[in-house]
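S.K.: work_5.csv is reproduced below (CSV, C-alpha atoms).
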chain,number,residue,atom,x,y,z
A,1,MET,CA,-4.9,-14.6,-7.4
A,2,LYS,CA,-5.7,-12.7,-10.6
A,3,ILE,CA,-4.8,-9.0,-10.7
A,4,LEU,CA,-7.4,-6.5,-9.8
A,5,ILE,CA,-7.4,-2.7,-10.4
A,6,LYS,CA,-9.3,-0.9,-7.7
A,7,GLY,CA,-8.4,2.7,-8.5
A,8,MET,CA,-7.2,4.9,-11.4
A,9,ILE,CA,-5.9,8.4,-11.6
A,10,GLU,CA,-6.2,9.1,-15.3
A,11,THR,CA,-3.5,11.7,-15.5
A,12,SER,CA,-0.6,12.2,-13.1
A,13,LEU,CA,2.5,14.4,-13.3
A,14,LEU,CA,3.7,13.3,-9.9
A,15,ASP,CA,4.2,9.5,-10.0
A,16,TRP,CA,7.1,9.2,-12.5
A,17,ASP,CA,9.6,12.1,-12.8
A,18,GLY,CA,9.4,13.5,-16.3
A,19,LYS,CA,6.5,11.4,-17.4
A,20,ILE,CA,2.8,11.8,-17.8
A,21,VAL,CA,1.1,8.6,-16.6
A,22,SER,CA,-2.1,7.0,-15.6
A,23,THR,CA,-1.7,5.6,-12.1
A,24,LEU,CA,-3.4,2.3,-11.4
A,25,TYR,CA,-4.0,0.9,-7.9
A,26,THR,CA,-4.0,-2.8,-7.0
A,27,PRO,CA,-5.4,-4.1,-3.6
A,28,TYR,CA,-3.9,-6.2,-0.9
A,29,CYS,CA,-0.5,-6.2,0.7
A,30,ASN,CA,1.6,-8.5,2.9
A,31,PHE,CA,2.8,-5.5,5.0
A,32,ARG,CA,0.8,-3.6,7.6
A,33,CYS,CA,2.7,-0.3,7.8
A,34,PRO,CA,1.0,1.7,10.5
A,35,TYR,CA,1.4,5.0,8.5
A,36,CYS,CA,0.0,3.5,5.2
A,37,GLN,CA,-2.1,6.0,3.3
A,38,ASN,CA,-3.9,3.3,1.3
A,39,ALA,CA,-5.3,1.3,4.2
A,40,GLY,CA,-8.7,0.8,2.5
A,41,LEU,CA,-7.0,-0.9,-0.4
A,42,VAL,CA,-5.1,-3.2,1.9
A,43,LEU,CA,-7.7,-4.1,4.5
A,44,ASN,CA,-11.1,-3.7,2.7
A,45,PRO,CA,-10.6,-3.6,-1.0
A,46,ASN,CA,-14.1,-4.8,-1.7
A,47,GLN,CA,-15.4,-1.3,-0.9
A,48,TYR,CA,-13.9,-0.2,-4.2
A,49,GLU,CA,-15.3,-1.1,-7.6
A,50,THR,CA,-13.0,-3.2,-9.8
A,51,ILE,CA,-12.0,-1.3,-13.0
A,52,PRO,CA,-12.2,-3.5,-16.1
A,53,PHE,CA,-9.1,-3.7,-18.3
A,54,GLU,CA,-11.2,-2.5,-21.2
A,55,VAL,CA,-11.8,0.8,-19.4
A,56,ILE,CA,-8.1,1.2,-18.8
A,57,SER,CA,-7.0,0.2,-22.3
A,58,ASN,CA,-9.6,2.5,-24.0
A,59,PHE,CA,-8.4,5.5,-22.0
A,60,LEU,CA,-4.7,4.8,-22.8
A,61,ILE,CA,-5.4,4.2,-26.5
A,62,ASN,CA,-7.5,7.4,-26.7
A,63,HIS,CA,-4.8,9.5,-25.0
A,64,ARG,CA,-1.7,7.8,-26.3
A,65,ASN,CA,-0.6,11.1,-27.9
A,66,TRP,CA,0.3,12.5,-24.5
A,67,ILE,CA,0.1,9.7,-21.9
A,68,ASP,CA,3.6,8.1,-21.7
A,69,GLY,CA,2.6,5.1,-19.7
A,70,ILE,CA,1.3,3.8,-16.4
A,71,CYS,CA,2.5,3.7,-12.8
A,72,LEU,CA,1.3,0.5,-11.2
A,73,THR,CA,1.1,0.8,-7.4
A,74,GLY,CA,-1.0,-0.4,-4.5
A,75,GLY,CA,-1.3,-2.3,-2.3
A,76,GLU,CA,1.4,-4.5,-3.7
A,77,PRO,CA,1.3,-5.3,-7.4
A,78,CYS,CA,3.7,-8.2,-7.2
A,79,PHE,CA,1.2,-10.0,-5.0
A,80,PHE,CA,-0.6,-11.2,-8.2
A,81,GLU,CA,0.4,-14.3,-10.1
A,82,ASP,CA,-0.7,-12.9,-13.5
A,83,LEU,CA,1.2,-9.6,-13.1
A,84,PRO,CA,3.4,-10.4,-16.2
A,85,GLU,CA,0.4,-11.0,-18.4
A,86,PHE,CA,-1.2,-7.8,-17.3
A,87,LEU,CA,2.0,-5.8,-17.9
A,88,GLU,CA,2.4,-7.4,-21.3
A,89,LYS,CA,-1.1,-6.2,-22.3
A,90,ILE,CA,-0.1,-2.7,-21.2
A,91,ARG,CA,3.1,-2.9,-23.1
A,92,ASN,CA,1.2,-4.0,-26.3
A,93,LEU,CA,-0.6,-0.7,-26.1
A,94,GLY,CA,2.7,1.1,-26.6
A,95,MET,CA,2.9,2.2,-23.0
A,96,GLU,CA,5.9,2.4,-20.7
A,97,ILE,CA,5.5,0.9,-17.2
A,98,LYS,CA,6.7,2.1,-13.8
A,99,LEU,CA,6.2,-0.5,-11.0
A,100,ASP,CA,6.0,0.4,-7.4
A,101,THR,CA,6.9,-2.4,-4.9
A,102,ASN,CA,7.7,-3.2,-1.3
A,103,GLY,CA,10.3,-5.7,-2.4
A,104,ALA,CA,8.7,-8.7,-0.8
A,105,PHE,CA,8.4,-10.7,-4.0
A,106,PRO,CA,11.9,-10.8,-5.6
A,107,GLU,CA,11.0,-13.8,-7.8
A,108,MET,CA,8.2,-11.9,-9.5
A,109,LEU,CA,10.3,-8.8,-9.7
A,110,GLN,CA,13.1,-10.8,-11.4
A,111,ARG,CA,10.5,-12.3,-13.8
A,112,VAL,CA,9.0,-9.0,-15.0
A,113,ILE,CA,12.5,-7.4,-15.3
A,114,ASP,CA,13.8,-10.4,-17.3
A,115,MET,CA,10.8,-10.2,-19.6
A,116,GLY,CA,11.5,-6.5,-20.3
A,117,LEU,CA,8.1,-5.5,-19.0
A,118,VAL,CA,9.1,-2.6,-16.8
A,119,SER,CA,11.0,0.6,-17.6
A,120,TYR,CA,11.3,1.8,-14.0
A,121,VAL,CA,11.1,0.3,-10.6
A,122,ALA,CA,10.5,2.2,-7.4
A,123,MET,CA,11.0,0.2,-4.3
A,124,ASP,CA,10.0,1.3,-0.8
A,125,ILE,CA,12.6,0.7,1.9
A,126,LYS,CA,10.6,0.9,5.1
A,127,ALA,CA,13.4,1.0,7.6
A,128,PRO,CA,17.1,0.2,8.1
A,129,LEU,CA,17.7,-3.3,6.7
A,130,ASN,CA,17.6,-5.2,9.9
A,131,PHE,CA,14.7,-7.3,11.0
A,132,ASN,CA,13.9,-5.5,14.3
A,133,ALA,CA,13.6,-2.1,12.5
A,134,TYR,CA,11.5,-3.6,9.7
A,135,GLU,CA,9.2,-5.4,12.1
A,136,LYS,CA,8.5,-2.1,13.8
A,137,SER,CA,7.8,-0.2,10.5
A,138,THR,CA,5.8,-2.9,8.7
A,139,ARG,CA,4.5,-5.1,11.5
A,140,ILE,CA,5.8,-8.2,9.7
A,141,LYS,CA,6.7,-11.2,11.8
A,142,SER,CA,8.6,-13.3,9.3
A,143,LYS,CA,12.4,-13.1,9.0
A,144,GLU,CA,12.1,-15.0,5.7
A,145,LEU,CA,9.9,-12.3,4.3
A,146,PHE,CA,12.4,-9.7,5.5
A,147,GLU,CA,15.2,-11.5,3.7
A,148,LYS,CA,13.2,-11.3,0.5
A,149,VAL,CA,13.3,-7.5,0.9
A,150,ARG,CA,17.1,-7.5,1.1
A,151,GLU,CA,17.2,-9.8,-1.9
A,152,SER,CA,15.1,-7.3,-4.0
A,153,VAL,CA,17.4,-4.4,-3.1
A,154,ASN,CA,20.4,-6.3,-4.5
A,155,LEU,CA,18.4,-7.5,-7.5
A,156,ILE,CA,17.2,-3.9,-8.5
A,157,ILE,CA,20.7,-2.4,-8.1
A,158,HIS,CA,22.1,-4.9,-10.5
A,159,SER,CA,19.1,-5.3,-12.8
A,160,GLY,CA,20.1,-2.7,-15.5
A,161,VAL,CA,16.5,-1.2,-15.2
A,162,ASP,CA,16.1,2.4,-14.2
A,163,TYR,CA,15.1,2.6,-10.5
A,164,GLU,CA,14.8,4.5,-7.3
A,165,PHE,CA,14.6,3.5,-3.6
A,166,ARG,CA,12.4,5.6,-1.4
A,167,THR,CA,11.5,5.9,2.3
A,168,THR,CA,8.5,7.5,3.8
A,169,VAL,CA,10.1,9.3,6.8
A,170,VAL,CA,8.0,9.1,10.0
A,171,PRO,CA,9.3,10.9,13.1
A,172,SER,CA,8.3,8.1,15.5
A,173,LEU,CA,9.9,5.4,13.4
A,174,HIS,CA,12.9,7.1,11.6
A,175,SER,CA,15.6,9.2,13.0
A,176,LYS,CA,18.2,11.0,11.0
A,177,GLU,CA,20.6,8.2,11.8
A,178,ASP,CA,18.1,5.6,10.5
A,179,ILE,CA,17.9,7.3,7.2
A,180,LEU,CA,21.6,7.6,6.9
A,181,GLU,CA,21.9,3.9,7.7
A,182,ILE,CA,19.5,3.1,4.9
A,183,ALA,CA,21.6,5.3,2.5
A,184,ARG,CA,24.7,3.4,3.6
A,185,GLU,CA,23.1,0.1,3.0
A,186,ILE,CA,22.2,1.1,-0.6
A,187,GLU,CA,25.5,2.8,-1.2
A,188,GLY,CA,26.0,3.6,-4.9
A,189,ALA,CA,22.3,3.6,-5.7
A,190,LYS,CA,21.2,5.8,-8.5
A,191,LYS,CA,18.4,7.6,-6.6
A,192,TYR,CA,17.1,7.7,-3.1
A,193,SER,CA,13.9,9.6,-2.4
A,194,LEU,CA,12.7,10.8,1.1
A,195,GLN,CA,9.0,11.0,1.1
A,196,ASN,CA,7.5,13.2,3.8
A,197,PHE,CA,5.0,11.4,6.0
A,198,SER,CA,1.4,12.6,5.9
A,199,ASN,CA,-0.9,12.1,9.0
A,200,ARG,CA,-4.2,12.7,7.2
A,201,GLU,CA,-5.1,9.1,6.8
A,202,THR,CA,-3.1,6.2,8.4
A,203,MET,CA,-3.7,2.5,8.9
A,204,ASP,CA,-3.1,3.0,12.6
A,205,PRO,CA,-5.2,5.9,13.8
A,206,GLU,CA,-2.6,6.7,16.5
A,207,PHE,CA,-0.2,7.8,13.7
A,208,GLN,CA,-2.6,10.7,12.8
A,209,LYS,CA,-1.4,12.3,16.0
A,210,ILE,CA,2.2,12.5,14.8
A,211,SER,CA,3.5,15.7,13.2
A,212,PRO,CA,5.6,15.2,10.1
A,213,TYR,CA,9.2,16.4,9.9
A,214,LYS,CA,9.7,19.9,8.6
A,215,ILE,CA,10.8,20.0,5.0
A,216,GLU,CA,14.0,21.8,6.0
A,217,GLU,CA,14.9,18.9,8.3
A,218,LEU,CA,14.4,16.4,5.5
A,219,GLU,CA,16.5,18.5,3.1
A,220,LYS,CA,19.4,18.5,5.6
A,221,ILE,CA,19.2,14.7,5.9
A,222,CYS,CA,19.0,14.4,2.2
A,223,GLU,CA,22.2,16.4,1.8
A,224,LEU,CA,24.0,14.0,4.2
A,225,CYS,CA,22.7,11.0,2.2
A,226,LEU,CA,24.6,12.2,-0.9
A,227,GLN,CA,27.8,10.8,0.6
A,228,TYR,CA,26.4,7.4,-0.1
A,229,VAL,CA,23.9,7.6,-3.0
A,230,ARG,CA,24.3,9.4,-6.4
A,231,CYS,CA,21.0,11.3,-6.1
A,232,CYS,CA,18.8,12.1,-3.2
A,233,LEU,CA,15.7,14.2,-3.2
A,234,VAL,CA,12.8,15.1,-1.0
A,235,ARG,CA,9.2,14.5,-2.1
A,236,GLY,CA,6.0,15.9,-0.5
A,237,LYS,CA,7.2,19.5,-0.1
Would you mind writing the file out in structure tokens?
M.R.:
Amino acid sequence: MKILIKGMIETSLLDWDGKIVSTLYTPYCNFRCPYCQNAGLVLNPNQYETIPFEVISNFLINHRNWIDGICLTGGEPCFFEDLPEFLEKIRNLGMEIKLDTNGAFPEMLQRVIDMGLVSYVAMDIKAPLNFNAYEKSTRIKSKELFEKVRESVNLIIHSGVDYEFRTTVVPSLHSKEDILEIAREIEGAKKYSLQNFSNRETMDPEFQKISPYKIEELEKICELCLQYVRCCLVRGK
């Protein structure tokens, strides 16, 4: 399948620490996380207009004096077979690239890293790295798919590319012990971000009834994670 862009935030200060970027959204995903904030992109992407590459490139060229690059997110960008070609076109505009991924496509991830097409990778770790926990958080049924996630974690840590791992912390899915288990499993990682769950829009409407953790609770968990990872921070304050 050829890559589609179904959304664009022209200017974002939030999606890449220290960078001003345009954030681009791809549709489709092979996970069905019940707390997903972009369910429309995953389940019904045809409701969104496809943004032509010319529109994206014209904006980036016209604002190259202050836009540092793009954040490509989704959905799942690595879902698309022509991702390298798309990223290469962005690179040729003189833009840096941050790639968000769920880690389910390590072969594609390895490819774009080896080609030097990404400056930063942010991988979501949805649960402790055991199949039962991942099945609950992502609704996946394939152990082979889960093993690809584990492969991507190892790949990213040893890639030489700047990166972070991150977990959206949902009270009904993630205890303090679960988050510490994830931190242990990525021990030595450069950065681990805890993202506060939002119940405004969720793939499973039942999750809109769940109250997020208080920021103070996440900050305490974050401090405990520092015994395993080099940097830990809380997003969504």
S.K.: Counting all atoms listed in the file, which residues have an atom no more than 10 Å from (-7.3, -1.7, -12.8) in the file's coordinates? Please list them as a list in words.
M.R.: Ile3, Leu4, Ile5, Lys6, Gly7, Met8, Thr23, Leu24, Tyr25, Thr26, Pro27, Glu49, Thr50, Ile51, Pro52, Phe53, Glu54, Val55, Ile56, Ser57, Leu72 and Phe86 of chain A
S.K.: So which residues touch Ile67 in chain A within 6 Å, counting all atoms listed in the file, skipping near sequence neighbours fewer than 2 positions away, as a PyMOL selection string?
M.R.: chain A and resi 20-21+63-64+69
S.K.: Smallest atom-to-atom distance to Glu144 in chain A: which of A:Asn38, A:Thr202, A:Thr167, A:Asn130, using only C-alpha atoms?
M.R.: A:Asn130
S.K.: To one decimal in Å, tell me the separation between CA of Glu88 in chain A and CA of Val118 in chain A.
M.R.: 9.4 Å
S.K.: Could you list, as a VMD selection string, every residue within 10 Å of Leu43 in chain A, counting all atoms listed in the file and ignoring same-chain residues fewer than 3 positions away?
M.R.: chain A and resid 27 to 29 32 38 to 40 46 to 47 75 203
S.K.: Write a file of the selected residues as an mmCIF file, in the frame of the given file, keeping C-alpha atoms.
M.R.:
data_model
loop_
_atom_site.group_PDB
_atom_site.id
_atom_site.type_symbol
_atom_site.label_atom_id
_atom_site.label_comp_id
_atom_site.auth_asym_id
_atom_site.auth_seq_id
_atom_site.Cartn_x
_atom_site.Cartn_y
_atom_site.Cartn_z
ATOM 1 C CA PRO A 27 -5.400 -4.100 -3.600
ATOM 2 C CA TYR A 28 -3.900 -6.200 -0.900
ATOM 3 C CA CYS A 29 -0.500 -6.200 0.700
ATOM 4 C CA ARG A 32 0.800 -3.600 7.600
ATOM 5 C CA ASN A 38 -3.900 3.300 1.300
ATOM 6 C CA ALA A 39 -5.300 1.300 4.200
ATOM 7 C CA GLY A 40 -8.700 0.800 2.500
ATOM 8 C CA ASN A 46 -14.100 -4.800 -1.700
ATOM 9 C CA GLN A 47 -15.400 -1.300 -0.900
ATOM 10 C CA GLY A 75 -1.300 -2.300 -2.300
ATOM 11 C CA MET A 203 -3.700 2.500 8.900
#
S.K.: Need the shell around Pro84 in chain A: protein/DNA/RNA residues with any atom at most 12 Å away, counting all atoms listed in the file. Skip same-chain ones fewer than 6 positions apart. Format as a compact mmCIF listing (two decimals) with C-alpha atoms, in the frame of the given file?
M.R.:
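See part.txt below for the written result:
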# COMPACT_ATOMS: atom_id res chain seq x y z
CA LYS A 2 -5.70 -12.70 -10.60
CA ILE A 3 -4.80 -9.00 -10.70
CA PRO A 77 1.30 -5.30 -7.40
CA CYS A 78 3.70 -8.20 -7.20
CA ILE A 90 -0.10 -2.70 -21.20
CA ARG A 91 3.10 -2.90 -23.10
CA ILE A 97 5.50 0.90 -17.20
CA LEU A 99 6.20 -0.50 -11.00
CA GLU A 107 11.00 -13.80 -7.80
CA MET A 108 8.20 -11.90 -9.50
CA LEU A 109 10.30 -8.80 -9.70
CA GLN A 110 13.10 -10.80 -11.40
CA ARG A 111 10.50 -12.30 -13.80
CA VAL A 112 9.00 -9.00 -15.00
CA ILE A 113 12.50 -7.40 -15.30
CA ASP A 114 13.80 -10.40 -17.30
CA MET A 115 10.80 -10.20 -19.60
CA GLY A 116 11.50 -6.50 -20.30
CA LEU A 117 8.10 -5.50 -19.00
CA VAL A 118 9.10 -2.60 -16.80
S.K.: Considering all atoms listed in the file, state which residue in the set A:Ala189, A:Arg184, A:Gln195, A:Arg150 is at the smallest distance from Val170 in chain A.
M.R.: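 Closest to Val170 in chain A, using all atoms listed in the file: A:Gln195.
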S.K.: Suppose you want the space between CA of Glu216 in chain A and CA of Arg139 in chain A; what is it in Å?
M.R.: 29.1 Å
S.K.: Report, in Å with one decimal, the straight-line distance from CA of Trp16 in chain A to CA of Glu164 in chain A.
M.R.: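 Taking CA of Trp16 in chain A as the start and CA of Glu164 in chain A as the end point, the length is 10.4 Å.
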S.K.: Which residues, written as a ChimeraX atom specification, have at least one atom at most 12 Å from Asp17 in chain A, with all atoms listed in the file counted and residues fewer than 2 positions away on the same chain left out?
M.R.: /A:12-15,19-21,68,71,98,120,122,162-164,191,193,233,235
S.K.: Counting only C-alpha atoms, figure out which residue out of A:Thr73, A:Ser211, A:Asn58, A:Thr11 gets nearest to Val42 in chain A.
M.R.: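 The closest residue to Val42 in chain A is A:Thr73.
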S.K.: Taking only C-alpha atoms into account, name the residue in A:Glu185, A:Glu206, A:Ala104, A:Leu173 that is nearest to Ile140 in chain A.
M.R.: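 Checking each candidate against Ile140 in chain A, we get A:Ala104 as the closest.
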S.K.: Taking only C-alpha atoms into account, which of A:Gln227, A:Ser22, A:Ser159, A:Asn102 comes nearest Glu187 in chain A?
M.R.: A:Gln227
S.K.: For Ser198 in chain A, which residue out of A:Ile210, A:Leu87, A:Ile125, A:Val229 is the nearest one, using all atoms listed in the file?
M.R.: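 The answer is A:Ile210, which sits nearest to Ser198 in chain A.
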S.K.: Working from the structure I just supplied, which lacks atoms in range 199-224 of chain A, can you model N, CA and C atoms there and output them as an mmCIF file, in the coordinates of the input?
M.R.:
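Once written, rebuild.cif looks like this:
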data_model
loop_
_atom_site.group_PDB
_atom_site.id
_atom_site.type_symbol
_atom_site.label_atom_id
_atom_site.label_comp_id
_atom_site.auth_asym_id
_atom_site.auth_seq_id
_atom_site.Cartn_x
_atom_site.Cartn_y
_atom_site.Cartn_z
ATOM 1 N N ASN A 199 -0.040 12.685 7.895
ATOM 2 C CA ASN A 199 -0.900 12.100 9.000
ATOM 3 C C ASN A 199 -2.353 12.245 8.716
ATOM 4 N N ARG A 200 -2.726 12.542 7.480
ATOM 5 C CA ARG A 200 -4.200 12.700 7.200
ATOM 6 C C ARG A 200 -4.946 11.437 7.309
ATOM 7 N N GLU A 201 -4.452 10.373 6.693
ATOM 8 C CA GLU A 201 -5.100 9.100 6.800
ATOM 9 C C GLU A 201 -4.002 8.035 7.031
ATOM 10 N N THR A 202 -4.145 7.232 8.075
ATOM 11 C CA THR A 202 -3.100 6.200 8.400
ATOM 12 C C THR A 202 -3.805 4.917 8.782
ATOM 13 N N MET A 203 -3.140 3.803 8.530
ATOM 14 C CA MET A 203 -3.700 2.500 8.900
ATOM 15 C C MET A 203 -3.916 2.425 10.405
ATOM 16 N N ASP A 204 -2.939 2.877 11.167
ATOM 17 C CA ASP A 204 -3.100 3.000 12.600
ATOM 18 C C ASP A 204 -3.484 4.387 12.969
ATOM 19 N N PRO A 205 -4.701 4.592 13.486
ATOM 20 C CA PRO A 205 -5.200 5.900 13.800
ATOM 21 C C PRO A 205 -4.254 6.730 14.717
ATOM 22 N N GLU A 206 -3.478 6.028 15.539
ATOM 23 C CA GLU A 206 -2.600 6.700 16.500
ATOM 24 C C GLU A 206 -1.529 7.539 15.687
ATOM 25 N N PHE A 207 -1.225 7.141 14.475
ATOM 26 C CA PHE A 207 -0.200 7.800 13.700
ATOM 27 C C PHE A 207 -0.743 9.179 13.140
ATOM 28 N N GLN A 208 -2.041 9.392 13.234
ATOM 29 C CA GLN A 208 -2.600 10.700 12.800
ATOM 30 C C GLN A 208 -2.263 11.784 13.834
ATOM 31 N N LYS A 209 -1.770 11.375 14.996
ATOM 32 C CA LYS A 209 -1.400 12.300 16.000
ATOM 33 C C LYS A 209 0.077 12.793 15.880
ATOM 34 N N ILE A 210 0.802 12.163 14.961
ATOM 35 C CA ILE A 210 2.200 12.500 14.800
ATOM 36 C C ILE A 210 2.417 13.578 13.786
ATOM 37 N N SER A 211 3.200 14.565 14.137
ATOM 38 C CA SER A 211 3.500 15.700 13.200
ATOM 39 C C SER A 211 4.656 15.275 12.302
ATOM 40 N N PRO A 212 4.530 15.520 10.994
ATOM 41 C CA PRO A 212 5.600 15.200 10.100
ATOM 42 C C PRO A 212 6.863 16.020 10.344
ATOM 43 N N TYR A 213 7.992 15.547 9.836
ATOM 44 C CA TYR A 213 9.200 16.400 9.900
ATOM 45 C C TYR A 213 8.963 17.650 9.074
ATOM 46 N N LYS A 214 9.662 18.702 9.446
ATOM 47 C CA LYS A 214 9.700 19.900 8.600
ATOM 48 C C LYS A 214 10.518 19.615 7.370
ATOM 49 N N ILE A 215 10.105 20.192 6.267
ATOM 50 C CA ILE A 215 10.800 20.000 5.000
ATOM 51 C C ILE A 215 12.288 20.325 5.132
ATOM 52 N N GLU A 216 12.574 21.383 5.868
ATOM 53 C CA GLU A 216 14.000 21.800 6.000
ATOM 54 C C GLU A 216 14.806 20.713 6.708
ATOM 55 N N GLU A 217 14.204 19.994 7.649
ATOM 56 C CA GLU A 217 14.900 18.900 8.300
ATOM 57 C C GLU A 217 15.211 17.766 7.343
ATOM 58 N N LEU A 218 14.223 17.431 6.512
ATOM 59 C CA LEU A 218 14.400 16.400 5.500
ATOM 60 C C LEU A 218 15.481 16.757 4.506
ATOM 61 N N GLU A 219 15.498 18.023 4.121
ATOM 62 C CA GLU A 219 16.500 18.500 3.100
ATOM 63 C C GLU A 219 17.903 18.368 3.688
ATOM 64 N N LYS A 220 18.072 18.626 4.977
ATOM 65 C CA LYS A 220 19.400 18.500 5.600
ATOM 66 C C LYS A 220 19.822 17.008 5.616
ATOM 67 N N ILE A 221 18.873 16.130 5.946
ATOM 68 C CA ILE A 221 19.200 14.700 5.900
ATOM 69 C C ILE A 221 19.516 14.250 4.514
ATOM 70 N N CYS A 222 18.760 14.772 3.554
ATOM 71 C CA CYS A 222 19.000 14.400 2.200
ATOM 72 C C CYS A 222 20.406 14.783 1.724
ATOM 73 N N GLU A 223 20.879 15.944 2.132
ATOM 74 C CA GLU A 223 22.200 16.400 1.800
ATOM 75 C C GLU A 223 23.280 15.394 2.352
ATOM 76 N N LEU A 224 23.043 14.917 3.570
ATOM 77 C CA LEU A 224 24.000 14.000 4.200
ATOM 78 C C LEU A 224 23.970 12.619 3.456
#
